[in-house]
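First comes the structure, then the notes that go with it.
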Amino acid sequence: MHHAPIGVLTVDVNGSILTANHQALEILDISEQLALGESVGMLLPLRERTKAKMLLENSFDSLERQEPQIFEVDSKTRGTCFIEVILTPLAYRTGQKGAMLILQDVTTKVMAERERQRVEEDQRLHLRVLRSFYEISSNLELRLKEKLQLLLKLGSEQFGMPIAVLARIDGQQYYIHDSISDSQNYAPGIARKLKHTFCNEAILHSEPLAFESASQAEKWSKHYGYKIDNIEAYMGVRIIVEGELYGTLSFASTEPRVIPFRLADLEVFKLMAQWVGNELQREFVDSYMAKLSSALEQAADSVIITDHNRSIEYVNPSFESMTGYTREEVLGKKAYFLRSGSEQPALYDELWQSISAGGVYRGIIINRKKNGTVYHEQKTITPLKDEQGKITHFISTGHDISDLVKAEEQDLSLIHISEPTRPLYI
């Protein structure tokens with residue numbers, strides 16, 4: 001256990017340390033010489049010793065593993081830190097009792113939890129907007145455009161800024177995708193130079209850009225966004241779709257904002273922006289998948305998709321037409337059932353070895369339709385791989401070339417028949 005990534009201590013029935021691995025000594029910030037033989041409670045601050053004593057006593061009384069406890073420890077090198085302790089009683093063959101303590105530094109986790117609680121307290125002030133936002137985002141009857149309009153309206157009301165814009169950015173051009181505003185300057189479809197907007201600054205950071213009064217800040221009072229549009233209060237954040245910058249979500253007002261932006265305002269704003277990015281990405285993916293699905297469904301060639309174990313997950317209508325089998329009849333089956341029995345087993349062994357190694361198989365295979373008809377299929381089998389290069393699926397495409405094979409055989413037969421007979425000379 002010396003090199004285990006978690007701290008491990010063993011103690012006797014009095015709580016004196018018998019053994020300690022390297023990680024435990026590092027977590028407790030103590031040397032092995034000082035730790036061995038010392039009461040584990042003495043290594044903790046005075047405020048935590050009673051809790052440690054009760055934990056040991058409960059363990060020895062019940063002889064059961066105790067629920068994890070978190071102790072606050074004062075480290076000389078790390079300052080205040082938090083250690084999670086899981087205690088399990090031990091019974092040695094000699095009859096001696098003891099316990100094993102598993103230690104883990106959870107300082108980051110505890111501090112994050114405290115920060116989360118603080119943020120939650122702020123967000124309680126925004127319960128109404130979060131509830132409304134959920135109602136909008138989860139409404140399956142609304143189209144994306146309708147949801148975006150409701151979201152912009154909600155943000156405009158919540159943040160007290162009458163201008164709300166979802167913009168698409170392409171190079172140095174700023175295109176208004178959707179908006180809420182009384183001014184025609186922000187009507188959907190309007191194109192502007194990006195540098196004339198505060199969004200030109202917002203896209204440079206992952207966190208929202210927000211200020212209450214541009215005229216009171218030298219940097220913003222000289223910006224085009226203030227000079228051209230007289231925007232006083234602004235909050236904007238970039239929208240990321242498929243890992244790339246799509247545009248910005250922003251709220252603005254020509255009047256200064258009296259109440260400073262709170263952390264909870266920015267967190268709710270980020271949540272909105274993330275949702276917009278996800279929804280736009282989903283729309284793009286759905287559109288792409290619809291095209292891909294349509295292409296597969298309408299493809300003239302037969303298409304079979306199997307998992308890595310060669311169990312069929314998808315066949316297209318051309319497969320059904322070519323083989324006579326319906327999709328429902330073949331899903332979950334191995335593709336073996338199509339074999340005609342005319343091919344040598346070595347052919348399939350070679351095929352499987354090729355595609356299992358990541359290669360692409362191309363060749364002619366003799367298969368059998370549902371009605372028993374044997375046909376020749378020009379087939380291509382390609383392995384599909386994940387990001388780690390592991391094969392997850394196989395995609396097989398093919399088409400019936402039986403007529404072509406038959407025609408070629410007839411041509412060969414005619415050539416053979418028409419060959420002149422050579423005279424026999426004696």
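Numbering starts fresh at 1 for the residues of each chain in the structure tokens, the chains themselves are lettered A, B, ... in the order given, and ligands are numbered from 1 as they appear.
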Helix (DSSP H, G or I) residues, from DSSP on the backbone, in stretch 185-275 of chain A, as a PyMOL selection string: chain A and resi 185-186+194-196+199-202+214-216+218-221+224-229+263-275
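Neighbouring residues of A:His126 at 12 Å or closer, counting only C-alpha atoms and skipping chain neighbours under 3 positions away, are A:Val119, A:Glu120, A:Glu121, A:Asp122, A:Gln123, A:Val129, A:Leu130, A:Arg131, A:Ser132, A:Phe133, A:Leu154, A:Gly155, A:Gln158, A:Phe159, A:Arg262, A:Leu263, A:Ala264, A:Asp265, A:Leu266, A:Glu267, A:Val268, A:Phe269.
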Would you save the residues of that selection, restricted to N, CA and C atoms, as a compact mmCIF listing (two decimals), in the first residue's frame?
# COMPACT_ATOMS: atom_id res chain seq x y z
N VAL A 119 -23.06 30.11 -4.65
CA VAL A 119 -23.70 30.43 -5.92
C VAL A 119 -25.19 30.12 -5.85
N GLU A 120 -25.53 29.04 -5.17
CA GLU A 120 -26.95 28.67 -5.05
C GLU A 120 -27.72 29.73 -4.27
N GLU A 121 -27.06 30.30 -3.27
CA GLU A 121 -27.72 31.36 -2.52
C GLU A 121 -28.01 32.56 -3.42
N ASP A 122 -27.06 32.86 -4.31
CA ASP A 122 -27.31 33.94 -5.26
C ASP A 122 -28.43 33.57 -6.22
N GLN A 123 -28.41 32.31 -6.64
CA GLN A 123 -29.38 31.89 -7.65
C GLN A 123 -30.79 31.81 -7.10
N VAL A 129 -36.49 33.36 -12.92
CA VAL A 129 -35.96 33.29 -14.27
C VAL A 129 -35.51 31.86 -14.61
N LEU A 130 -34.97 31.18 -13.64
CA LEU A 130 -34.55 29.80 -13.89
C LEU A 130 -35.73 28.89 -14.17
N ARG A 131 -36.81 29.12 -13.41
CA ARG A 131 -38.01 28.31 -13.63
C ARG A 131 -38.60 28.61 -15.00
N SER A 132 -38.65 29.88 -15.34
CA SER A 132 -39.18 30.27 -16.65
C SER A 132 -38.30 29.73 -17.77
N PHE A 133 -36.98 29.80 -17.56
CA PHE A 133 -36.04 29.30 -18.55
C PHE A 133 -36.23 27.80 -18.77
N LEU A 154 -37.21 36.91 -21.97
CA LEU A 154 -37.00 36.62 -20.55
C LEU A 154 -35.74 37.31 -20.03
N GLY A 155 -34.63 37.21 -20.79
CA GLY A 155 -33.39 37.84 -20.37
C GLY A 155 -33.51 39.35 -20.33
N GLN A 158 -35.43 40.15 -17.17
CA GLN A 158 -34.70 39.81 -15.96
C GLN A 158 -33.54 40.77 -15.70
N PHE A 159 -32.79 41.10 -16.74
CA PHE A 159 -31.62 41.96 -16.57
C PHE A 159 -31.93 43.45 -16.72
N ARG A 262 -24.60 41.11 -10.60
CA ARG A 262 -24.17 40.16 -9.58
C ARG A 262 -23.66 38.89 -10.24
N LEU A 263 -22.92 38.12 -9.48
CA LEU A 263 -22.39 36.86 -10.00
C LEU A 263 -23.51 35.98 -10.51
N ALA A 264 -24.63 35.96 -9.77
CA ALA A 264 -25.76 35.12 -10.18
C ALA A 264 -26.31 35.56 -11.53
N ASP A 265 -26.29 36.88 -11.81
CA ASP A 265 -26.75 37.37 -13.12
C ASP A 265 -25.90 36.76 -14.22
N LEU A 266 -24.58 36.80 -14.02
CA LEU A 266 -23.66 36.30 -15.04
C LEU A 266 -23.75 34.79 -15.19
N GLU A 267 -24.01 34.10 -14.09
CA GLU A 267 -24.13 32.64 -14.16
C GLU A 267 -25.38 32.24 -14.93
N VAL A 268 -26.49 32.93 -14.66
CA VAL A 268 -27.72 32.66 -15.40
C VAL A 268 -27.52 32.98 -16.88
N PHE A 269 -26.83 34.07 -17.14
CA PHE A 269 -26.54 34.48 -18.51
C PHE A 269 -25.69 33.43 -19.23
Near-A:Met161 list (8 Å; only C-alpha atoms; drop same-chain fewer than 4 positions) as a PyMOL selection string: chain A and resi 156-157+233+251-253
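For the set A:Thr254, A:Ile70, A:Gly389, A:Ile366, the residue with the smallest atom-to-atom gap to A:Val110 is A:Ile70, counting only C-alpha atoms.
Atom CA of A:Ala91 sits 22.0 Å away from atom CA of A:Ile6.
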Non-local contacts of A:Gln69 (12 Å; only C-alpha atoms; under 6 positions in same chain excluded) as JSON, numbers by chain: {"A": [48, 51, 52, 54, 55, 56, 82, 83, 84, 85, 86, 87, 101, 102, 103, 104, 105, 106]}
Picked from stretch 237-353 of chain A by DSSP as strand (DSSP E), as a VMD selection string: chain A and resid 237 to 241 244 to 253 302 to 307 312 to 315
Mind dumping the selected residues with N, CA and C atoms as an mmCIF file, in the first residue's frame?
data_model
loop_
_atom_site.group_PDB
_atom_site.id
_atom_site.type_symbol
_atom_site.label_atom_id
_atom_site.label_comp_id
_atom_site.auth_asym_id
_atom_site.auth_seq_id
_atom_site.Cartn_x
_atom_site.Cartn_y
_atom_site.Cartn_z
ATOM 1 N N VAL A 237 -21.730 37.477 -24.259
ATOM 2 C CA VAL A 237 -20.903 36.275 -24.133
ATOM 3 C C VAL A 237 -20.908 35.548 -25.464
ATOM 4 N N ARG A 238 -19.821 34.888 -25.766
ATOM 5 C CA ARG A 238 -19.724 34.197 -27.046
ATOM 6 C C ARG A 238 -20.512 32.900 -27.029
ATOM 7 N N ILE A 239 -20.982 32.498 -28.191
ATOM 8 C CA ILE A 239 -21.705 31.241 -28.385
ATOM 9 C C ILE A 239 -20.782 30.287 -29.138
ATOM 10 N N ILE A 240 -20.586 29.105 -28.571
ATOM 11 C CA ILE A 240 -19.729 28.103 -29.190
ATOM 12 C C ILE A 240 -20.599 26.967 -29.728
ATOM 13 N N VAL A 241 -20.401 26.634 -30.983
ATOM 14 C CA VAL A 241 -21.138 25.533 -31.612
ATOM 15 C C VAL A 241 -20.121 24.613 -32.280
ATOM 16 N N GLU A 244 -16.494 25.666 -32.261
ATOM 17 C CA GLU A 244 -16.093 26.866 -32.987
ATOM 18 C C GLU A 244 -16.983 28.041 -32.590
ATOM 19 N N LEU A 245 -16.435 29.254 -32.750
ATOM 20 C CA LEU A 245 -17.217 30.451 -32.451
ATOM 21 C C LEU A 245 -18.369 30.574 -33.444
ATOM 22 N N TYR A 246 -19.568 30.660 -32.918
ATOM 23 C CA TYR A 246 -20.751 30.866 -33.754
ATOM 24 C C TYR A 246 -21.128 32.343 -33.771
ATOM 25 N N GLY A 247 -21.178 32.942 -32.588
ATOM 26 C CA GLY A 247 -21.591 34.341 -32.490
ATOM 27 C C GLY A 247 -21.663 34.763 -31.037
ATOM 28 N N THR A 248 -22.627 35.612 -30.715
ATOM 29 C CA THR A 248 -22.767 36.123 -29.351
ATOM 30 C C THR A 248 -24.230 36.205 -28.950
ATOM 31 N N LEU A 249 -24.441 36.137 -27.650
ATOM 32 C CA LEU A 249 -25.722 36.455 -27.039
ATOM 33 C C LEU A 249 -25.468 37.706 -26.205
ATOM 34 N N SER A 250 -26.272 38.735 -26.390
ATOM 35 C CA SER A 250 -26.005 39.981 -25.662
ATOM 36 C C SER A 250 -27.307 40.679 -25.279
ATOM 37 N N PHE A 251 -27.217 41.446 -24.182
ATOM 38 C CA PHE A 251 -28.307 42.299 -23.718
ATOM 39 C C PHE A 251 -27.720 43.685 -23.487
ATOM 40 N N ALA A 252 -28.460 44.720 -23.845
ATOM 41 C CA ALA A 252 -27.912 46.069 -23.756
ATOM 42 C C ALA A 252 -29.001 47.093 -23.479
ATOM 43 N N SER A 253 -28.543 48.268 -23.055
ATOM 44 C CA SER A 253 -29.473 49.363 -22.776
ATOM 45 C C SER A 253 -28.762 50.680 -23.049
ATOM 46 N N SER A 302 -27.330 -1.663 -51.500
ATOM 47 C CA SER A 302 -27.701 -2.228 -50.213
ATOM 48 C C SER A 302 -26.727 -1.729 -49.154
ATOM 49 N N VAL A 303 -27.249 -1.369 -47.982
ATOM 50 C CA VAL A 303 -26.411 -0.911 -46.876
ATOM 51 C C VAL A 303 -26.746 -1.713 -45.627
ATOM 52 N N ILE A 304 -25.711 -2.268 -45.011
ATOM 53 C CA ILE A 304 -25.854 -2.988 -43.741
ATOM 54 C C ILE A 304 -24.868 -2.375 -42.756
ATOM 55 N N ILE A 305 -25.337 -2.038 -41.551
ATOM 56 C CA ILE A 305 -24.452 -1.568 -40.486
ATOM 57 C C ILE A 305 -24.543 -2.565 -39.333
ATOM 58 N N THR A 306 -23.378 -3.062 -38.905
ATOM 59 C CA THR A 306 -23.342 -4.009 -37.787
ATOM 60 C C THR A 306 -22.468 -3.442 -36.679
ATOM 61 N N ASP A 307 -22.625 -3.990 -35.465
ATOM 62 C CA ASP A 307 -21.707 -3.613 -34.393
ATOM 63 C C ASP A 307 -20.399 -4.373 -34.565
ATOM 64 N N ILE A 312 -26.391 -7.184 -36.775
ATOM 65 C CA ILE A 312 -26.973 -6.146 -37.633
ATOM 66 C C ILE A 312 -27.760 -5.122 -36.807
ATOM 67 N N GLU A 313 -27.433 -3.840 -37.024
ATOM 68 C CA GLU A 313 -28.142 -2.747 -36.358
ATOM 69 C C GLU A 313 -29.004 -1.945 -37.328
ATOM 70 N N TYR A 314 -28.666 -2.006 -38.628
ATOM 71 C CA TYR A 314 -29.419 -1.213 -39.606
ATOM 72 C C TYR A 314 -29.281 -1.836 -40.983
ATOM 73 N N VAL A 315 -30.384 -1.850 -41.720
ATOM 74 C CA VAL A 315 -30.350 -2.166 -43.155
ATOM 75 C C VAL A 315 -31.255 -1.158 -43.852
#
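The nearest approach to A:Phe261 among the residues A:Glu38, A:Pro208, A:Ile231, A:Cys199, with only C-alpha atoms taken into account, belongs to A:Pro208.
For A:Lys369, the list of residues within 7 Å, based on only C-alpha atoms and with local chain neighbours fewer than 5 positions off taken out, reads Thr323, Gly324, Leu338 and Val374 of chain A.
Nearest to A:Gly372 of all the residues A:Ser206, A:Thr326, A:Ser340, A:Ser16 is A:Ser340, counting only C-alpha atoms.
The nearest approach to A:Lys379 among the residues A:Ile364, A:Leu194, A:Met322, A:Ile136, with only C-alpha atoms taken into account, belongs to A:Ile364.
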10 Å contact set for A:Lys145, only C-alpha atoms, chain neighbours under 4 positions out, as a list in words: Gln149, Leu150, Leu151, His177 and Asp178 of chain A
Residues just named, written with all heavy atoms as a compact mmCIF listing (two decimals), in the first residue's frame:
# COMPACT_ATOMS: atom_id res chain seq x y z
N GLN A 149 -36.93 33.37 -29.12
CA GLN A 149 -37.66 34.63 -28.89
C GLN A 149 -38.07 34.75 -27.42
O GLN A 149 -37.90 35.81 -26.80
CB GLN A 149 -38.90 34.68 -29.78
CG GLN A 149 -38.65 35.28 -31.15
CD GLN A 149 -38.44 36.79 -31.09
OE1 GLN A 149 -39.25 37.53 -30.53
NE2 GLN A 149 -37.32 37.24 -31.65
N LEU A 150 -38.58 33.67 -26.85
CA LEU A 150 -38.99 33.70 -25.44
C LEU A 150 -37.79 33.88 -24.53
O LEU A 150 -37.87 34.58 -23.51
CB LEU A 150 -39.74 32.41 -25.10
CG LEU A 150 -41.12 32.24 -25.72
CD1 LEU A 150 -41.67 30.85 -25.43
CD2 LEU A 150 -42.08 33.31 -25.20
N LEU A 151 -36.68 33.26 -24.88
CA LEU A 151 -35.47 33.38 -24.07
C LEU A 151 -34.94 34.82 -24.09
O LEU A 151 -34.57 35.38 -23.05
CB LEU A 151 -34.40 32.43 -24.59
CG LEU A 151 -33.09 32.42 -23.80
CD1 LEU A 151 -33.29 31.75 -22.45
CD2 LEU A 151 -31.99 31.72 -24.56
N HIS A 177 -29.11 37.41 -35.90
CA HIS A 177 -29.89 36.19 -36.14
C HIS A 177 -31.30 36.35 -35.60
O HIS A 177 -32.28 36.01 -36.25
CB HIS A 177 -29.18 35.01 -35.47
CG HIS A 177 -29.87 33.70 -35.64
ND1 HIS A 177 -31.01 33.35 -34.93
CD2 HIS A 177 -29.60 32.64 -36.44
CE1 HIS A 177 -31.39 32.14 -35.29
NE2 HIS A 177 -30.56 31.68 -36.20
N ASP A 178 -31.40 36.88 -34.37
CA ASP A 178 -32.70 37.07 -33.74
C ASP A 178 -32.54 38.20 -32.72
O ASP A 178 -31.43 38.45 -32.22
CB ASP A 178 -33.17 35.79 -33.05
CG ASP A 178 -34.68 35.68 -33.06
OD1 ASP A 178 -35.35 36.72 -33.26
OD2 ASP A 178 -35.20 34.57 -32.87
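Closest to A:Met235 among A:Ala217, A:Leu209, A:Val11, A:Leu46 is A:Leu209, based on only C-alpha atoms.
Between atom CA of A:Leu152 and atom CA of A:Ile228 there is a distance of 22.8 Å.
Taking atom CA of A:Gln378 and atom CA of A:Lys333 as the two end points, the separation is 21.3 Å.
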